[in-house]
$ cat coords_31.pdb   # PDB, C-alpha atoms
MODEL        1
ATOM      1  CA  MET E   1      90.776 -43.585  62.548
ATOM      2  CA  PRO E   2      91.913 -47.163  61.866
ATOM      3  CA  GLU E   3      89.498 -50.037  62.381
ATOM      4  CA  ARG E   4      89.809 -51.597  65.830
ATOM      5  CA  PRO E   5      90.136 -55.368  66.035
ATOM      6  CA  ALA E   6      87.292 -57.716  66.860
ATOM      7  CA  PHE E   7      88.050 -60.750  69.010
ATOM      8  CA  GLY E   8      86.665 -64.261  68.687
ATOM      9  CA  GLY E   9      84.468 -65.388  65.835
ATOM     10  CA  GLY E  10      86.040 -68.778  65.155
ATOM     11  CA  ALA E  11      89.522 -69.821  64.104
ATOM     12  CA  ALA E  12      89.640 -67.520  61.071
ATOM     13  CA  GLY E  13      88.607 -64.513  63.166
ATOM     14  CA  ARG E  14      90.921 -65.415  66.038
ATOM     15  CA  TYR E  15      92.717 -62.344  67.290
ATOM     16  CA  ARG E  16      96.501 -62.134  67.322
ATOM     17  CA  LEU E  17      98.406 -59.463  69.189
ATOM     18  CA  PRO E  18     100.151 -57.046  66.821
ATOM     19  CA  SER E  19     103.927 -56.874  66.807
ATOM     20  CA  GLY E  20     105.142 -54.708  69.656
ATOM     21  CA  ALA E  21     102.253 -55.572  71.984
ATOM     22  CA  ARG E  22     103.450 -57.313  75.144
ATOM     23  CA  ALA E  23     101.382 -60.424  75.825
ATOM     24  CA  THR E  24     103.771 -62.108  78.240
ATOM     25  CA  GLY E  25     105.332 -61.214  81.536
ATOM     26  CA  TRP E  26     102.134 -60.197  83.276
ATOM     27  CA  GLN E  27     101.075 -61.576  86.621
ATOM     28  CA  ILE E  28      97.281 -61.716  86.831
ATOM     29  CA  ILE E  29      95.537 -61.504  90.201
ATOM     30  CA  VAL E  30      91.792 -62.141  90.366
ATOM     31  CA  ALA E  31      90.113 -61.234  93.655
ATOM     32  CA  GLY E  32      87.204 -63.379  94.788
ATOM     33  CA  ASP E  33      83.742 -62.239  95.814
ATOM     34  CA  PRO E  34      82.850 -58.545  95.764
ATOM     35  CA  GLU E  35      84.620 -56.792  98.596
ATOM     36  CA  SER E  36      84.530 -53.282  99.946
ATOM     37  CA  ALA E  37      85.845 -50.775  97.448
ATOM     38  CA  GLY E  38      88.331 -49.618 100.076
ATOM     39  CA  ILE E  39      89.954 -53.055 100.234
ATOM     40  CA  GLY E  40      90.165 -53.312  96.445
ATOM     41  CA  LEU E  41      91.586 -49.819  96.036
ATOM     42  CA  ARG E  42      94.152 -50.342  98.835
ATOM     43  CA  ARG E  43      95.252 -53.596  97.161
ATOM     44  CA  GLN E  44      95.612 -51.763  93.849
ATOM     45  CA  HIS E  45      97.669 -48.978  95.463
ATOM     46  CA  ALA E  46      99.889 -51.482  97.327
ATOM     47  CA  LEU E  47     100.634 -53.339  94.087
ATOM     48  CA  ALA E  48     101.498 -50.045  92.380
ATOM     49  CA  ASP E  49     103.907 -49.193  95.216
ATOM     50  CA  GLN E  50     105.595 -52.613  94.941
ATOM     51  CA  ILE E  51     105.945 -52.314  91.157
ATOM     52  CA  ALA E  52     107.280 -48.757  91.417
ATOM     53  CA  ALA E  53     109.909 -49.998  93.886
ATOM     54  CA  GLY E  54     110.921 -52.800  91.505
ATOM     55  CA  ALA E  55     109.776 -55.478  93.968
ATOM     56  CA  ARG E  56     107.098 -56.960  91.709
ATOM     57  CA  GLN E  57     106.558 -57.620  88.005
ATOM     58  CA  GLN E  58     103.873 -55.921  85.959
ATOM     59  CA  THR E  59     100.469 -57.023  87.193
ATOM     60  CA  ILE E  60      96.858 -57.010  86.117
ATOM     61  CA  LEU E  61      94.482 -56.887  89.084
ATOM     62  CA  ILE E  62      90.870 -57.890  88.472
ATOM     63  CA  TRP E  63      88.380 -57.228  91.249
ATOM     64  CA  ARG E  64      84.718 -56.518  91.994
ATOM     65  CA  SER E  65      83.304 -54.319  94.697
ATOM     66  CA  GLN E  66      80.302 -53.368  96.692
ATOM     67  CA  PRO E  67      78.793 -50.038  95.509
ATOM     68  CA  ALA E  68      81.073 -47.023  95.701
ATOM     69  CA  LEU E  69      81.990 -43.892  93.797
ATOM     70  CA  ILE E  70      85.658 -43.485  92.833
ATOM     71  CA  VAL E  71      87.146 -40.010  92.420
ATOM     72  CA  THR E  72      90.594 -38.506  91.926
ATOM     73  CA  ARG E  73      92.460 -36.227  94.331
ATOM     74  CA  SER E  74      91.708 -33.134  92.265
ATOM     75  CA  GLN E  75      87.986 -33.836  92.480
ATOM     76  CA  THR E  76      88.118 -33.653  96.286
ATOM     77  CA  ARG E  77      88.527 -29.879  95.844
ATOM     78  CA  TRP E  78      85.156 -29.467  94.129
ATOM     79  CA  PRO E  79      82.658 -27.179  95.869
ATOM     80  CA  ASP E  80      80.450 -29.064  98.354
ATOM     81  CA  PHE E  81      82.540 -32.227  97.959
ATOM     82  CA  ALA E  82      82.445 -33.007 101.695
ATOM     83  CA  ALA E  83      78.656 -32.589 101.891
ATOM     84  CA  ALA E  84      78.102 -34.696  98.768
ATOM     85  CA  THR E  85      80.432 -37.400 100.113
ATOM     86  CA  ALA E  86      78.551 -37.533 103.424
ATOM     87  CA  ARG E  87      75.188 -37.770 101.669
ATOM     88  CA  LEU E  88      76.380 -40.518  99.316
ATOM     89  CA  ALA E  89      77.740 -42.498 102.285
ATOM     90  CA  GLU E  90      74.304 -42.257 103.946
ATOM     91  CA  LEU E  91      72.849 -43.774 100.769
ATOM     92  CA  GLY E  92      75.314 -46.679 100.845
ATOM     93  CA  TRP E  93      77.701 -45.213  98.278
ATOM     94  CA  PRO E  94      81.038 -44.465  99.937
ATOM     95  CA  VAL E  95      83.318 -42.115  98.009
ATOM     96  CA  LEU E  96      86.930 -43.240  97.635
ATOM     97  CA  VAL E  97      89.928 -41.392  96.246
ATOM     98  CA  ARG E  98      92.312 -43.113  93.851
ATOM     99  CA  ARG E  99      95.842 -41.991  93.110
ATOM    100  CA  SER E 100      95.596 -42.257  89.334
ATOM    101  CA  GLY E 101      93.953 -39.800  86.975
ATOM    102  CA  GLY E 102      90.691 -39.989  85.112
ATOM    103  CA  GLY E 103      87.230 -38.992  86.209
ATOM    104  CA  VAL E 104      84.472 -39.951  88.596
ATOM    105  CA  PHE E 105      83.000 -43.406  88.076
ATOM    106  CA  PRO E 106      80.627 -45.724  89.962
ATOM    107  CA  ILE E 107      81.561 -49.318  90.782
ATOM    108  CA  GLY E 108      79.538 -52.159  92.222
ATOM    109  CA  PRO E 109      78.869 -55.906  92.025
ATOM    110  CA  GLY E 110      77.787 -55.560  88.383
ATOM    111  CA  THR E 111      81.094 -54.042  87.288
ATOM    112  CA  VAL E 112      84.603 -55.419  87.050
ATOM    113  CA  GLN E 113      87.624 -53.278  87.898
ATOM    114  CA  ILE E 114      90.738 -54.059  85.892
ATOM    115  CA  ALA E 115      93.952 -52.361  86.910
ATOM    116  CA  MET E 116      96.937 -52.697  84.589
ATOM    117  CA  ILE E 117      99.884 -51.828  86.810
ATOM    118  CA  ALA E 118     103.328 -51.528  85.245
ATOM    119  CA  ARG E 119     106.413 -49.352  85.108
ATOM    120  CA  TYR E 120     106.729 -47.547  81.812
ATOM    121  CA  PRO E 121     109.677 -45.269  81.047
ATOM    122  CA  LEU E 122     108.440 -41.682  81.231
ATOM    123  CA  GLY E 123     107.773 -40.287  77.780
ATOM    124  CA  GLU E 124     108.434 -43.572  75.953
ATOM    125  CA  ILE E 125     104.830 -44.755  75.765
ATOM    126  CA  SER E 126     101.528 -42.942  75.332
ATOM    127  CA  MET E 127      98.348 -43.474  77.309
ATOM    128  CA  ASP E 128      96.689 -44.470  74.027
ATOM    129  CA  ARG E 129      99.206 -47.294  73.628
ATOM    130  CA  ILE E 130      98.671 -48.416  77.233
ATOM    131  CA  TYR E 131      94.885 -48.472  76.802
ATOM    132  CA  ASP E 132      95.240 -50.275  73.461
ATOM    133  CA  GLU E 133      97.484 -52.889  75.066
ATOM    134  CA  LEU E 134      95.043 -53.473  77.913
ATOM    135  CA  GLY E 135      92.119 -53.813  75.495
ATOM    136  CA  LEU E 136      94.107 -56.277  73.394
ATOM    137  CA  LEU E 137      95.028 -58.411  76.385
ATOM    138  CA  ILE E 138      91.468 -58.510  77.714
ATOM    139  CA  GLY E 139      89.952 -59.103  74.285
ATOM    140  CA  ALA E 140      92.310 -61.996  73.592
ATOM    141  CA  ALA E 141      91.479 -63.526  76.993
ATOM    142  CA  LEU E 142      87.724 -63.171  76.402
ATOM    143  CA  ALA E 143      88.066 -64.841  73.001
ATOM    144  CA  ASP E 144      89.401 -67.925  74.784
ATOM    145  CA  PHE E 145      86.034 -68.107  76.585
ATOM    146  CA  GLY E 146      84.046 -67.695  73.386
ATOM    147  CA  VAL E 147      83.171 -64.057  74.049
ATOM    148  CA  VAL E 148      83.254 -61.859  70.964
ATOM    149  CA  ALA E 149      84.510 -58.395  71.875
ATOM    150  CA  ARG E 150      85.791 -55.300  70.139
ATOM    151  CA  VAL E 151      87.729 -52.213  71.137
ATOM    152  CA  GLY E 152      86.345 -48.822  70.105
ATOM    153  CA  LYS E 153      83.697 -46.201  70.737
ATOM    154  CA  THR E 154      80.516 -47.645  72.228
ATOM    155  CA  PRO E 155      77.545 -45.274  71.924
ATOM    156  CA  GLY E 156      75.468 -45.241  75.112
ATOM    157  CA  ALA E 157      78.348 -46.405  77.327
ATOM    158  CA  PHE E 158      78.785 -44.712  80.716
ATOM    159  CA  CYS E 159      82.004 -43.122  79.493
ATOM    160  CA  ASP E 160      82.044 -43.577  75.714
ATOM    161  CA  GLY E 161      85.579 -43.512  74.387
ATOM    162  CA  ARG E 162      87.776 -44.981  71.713
ATOM    163  CA  HIS E 163      89.200 -47.530  74.182
ATOM    164  CA  ASP E 164      85.903 -49.082  75.281
ATOM    165  CA  LEU E 165      85.787 -52.870  75.238
ATOM    166  CA  ALA E 166      82.350 -54.050  74.172
ATOM    167  CA  ALA E 167      81.456 -57.729  74.503
ATOM    168  CA  ALA E 168      78.636 -59.480  72.673
ATOM    169  CA  GLY E 169      78.574 -62.507  74.983
ATOM    170  CA  PRO E 170      79.465 -66.139  74.334
ATOM    171  CA  ARG E 171      79.223 -67.293  70.744
ATOM    172  CA  SER E 172      76.714 -69.956  69.914
ATOM    173  CA  PRO E 173      78.020 -73.477  69.304
ATOM    174  CA  ALA E 174      78.538 -74.067  65.582
TER     175      ALA E 174
ENDMDL
END

$ encode --input "coords_31.pdb" --output "structure tokens"
Amino acid sequence: MPERPAFGGGAAGRYRLPSGARATGWQIIVAGDPESAGIGLRRQHALADQIAAGARQQTILIWRSQPALIVTRSQTRWPDFAAATARLAELGWPVLVRRSGGGVFPIGPGTVQIAMIARYPLGEISMDRIYDELGLLIGAALADFGVVARVGKTPGAFCDGRHDLAAAGPRSPA
């Protein structure tokens, strides 16, 4: 597996997007204070509908939420899903269904949701490339704030995978 880039680290370590990575043409929307997960997810779905219809350019939506558990449609068919959903709601953890794939994951004020919403020609781009592009865009943006980050497996992460973005925090002044 090739080495994943590190971001930040001074001018010499400054990250540059590789050829072929799209760094322009994105509209970025940052939502304010943490809102209900339902509001954030509905906004994300509405943007996806607009982009699919050709009424909006590719967009990155960044938002935070009150506590919730996000699931996919297929997971709503799990045994005892309705009972588990009711119990979680009683505990202050509403369960919401998203239209995209993936797995179950918790969100809350301590997490940031980043949705990269774009139209890609079917079969012309892999999910790996999409995740790589998102990690590159976020890593380059964090570097501008002095945050050193890298893309790659992060042992101990909630969902450890080769597309994790791990940040070390702001660099110290030289």

$ closest_residue --input "coords_31.pdb" --among "E:Ala89, E:Val71, E:Ala82, E:Ala167" --to "Gly101 (chain E)" --atoms "all atoms listed in the file"
E:Val71

$ residues_around --input "coords_31.pdb" --residues "region 116-129 of chain E" --least-positions-apart "4" --cutoff "10 Å" --atoms "all atoms listed in the file" --output "list in words"
Ala21, Trp26, Gln27, Ile28, Gln44, His45, Leu47, Ala48, Asp49, Gln50, Ile51, Ala52, Ala53, Gly54, Arg56, Gln57, Gln58, Thr59, Ile60, Leu61, Ile62, Glu133, Leu134, Gly135, Arg162 and His163 of chain E

$ atom_distance --input "coords_31.pdb" --atom1 "CA of Ala149 (chain E)" --atom2 "CA of Leu137 (chain E)"
11.4 Å

$ residues_around --input "coords_31.pdb" --residues "Ile70 (chain E)" --least-positions-apart "6" --cutoff "9 Å" --atoms "only C-alpha atoms" --output "count of residues only"
11

$ atom_distance --input "coords_31.pdb" --atom1 "CA of Gly40 (chain E)" --atom2 "CA of Trp93 (chain E)"
15.0 Å

$ resolve_selection --input "coords_31.pdb" --expression "the PyMOL selection byres ((chain E and resi 150-153) around 10)" --output "number ranges by chain"
E: 3-8, 131-132, 135-136, 138-140, 147-149, 154-157, 159-168

$ atom_distance --input "coords_31.pdb" --atom1 "CA of Ser100 (chain E)" --atom2 "CA of Gly38 (chain E)"
14.9 Å

$ resolve_selection --input "coords_31.pdb" --expression "the PyMOL selection byres ((chain E and resi 66) around 8)" --output "ChimeraX atom specification"
/E:34-37,64-65,67-68,107-109

$ axis_aligned_box --input "coords_31.pdb" --around "region 136-141 of chain E" --padding-each-side "6 Å" --output "JSON"
{"center_x": 92.5, "center_y": -59.9, "center_z": 75.6, "size_x": 17.1, "size_y": 19.2, "size_z": 16.3}

$ residues_around --input "coords_31.pdb" --residues "Trp63 (chain E)" --least-positions-apart "3" --cutoff "6 Å" --atoms "only C-alpha atoms" --output "VMD selection string"
chain E and resid 31 112 to 113
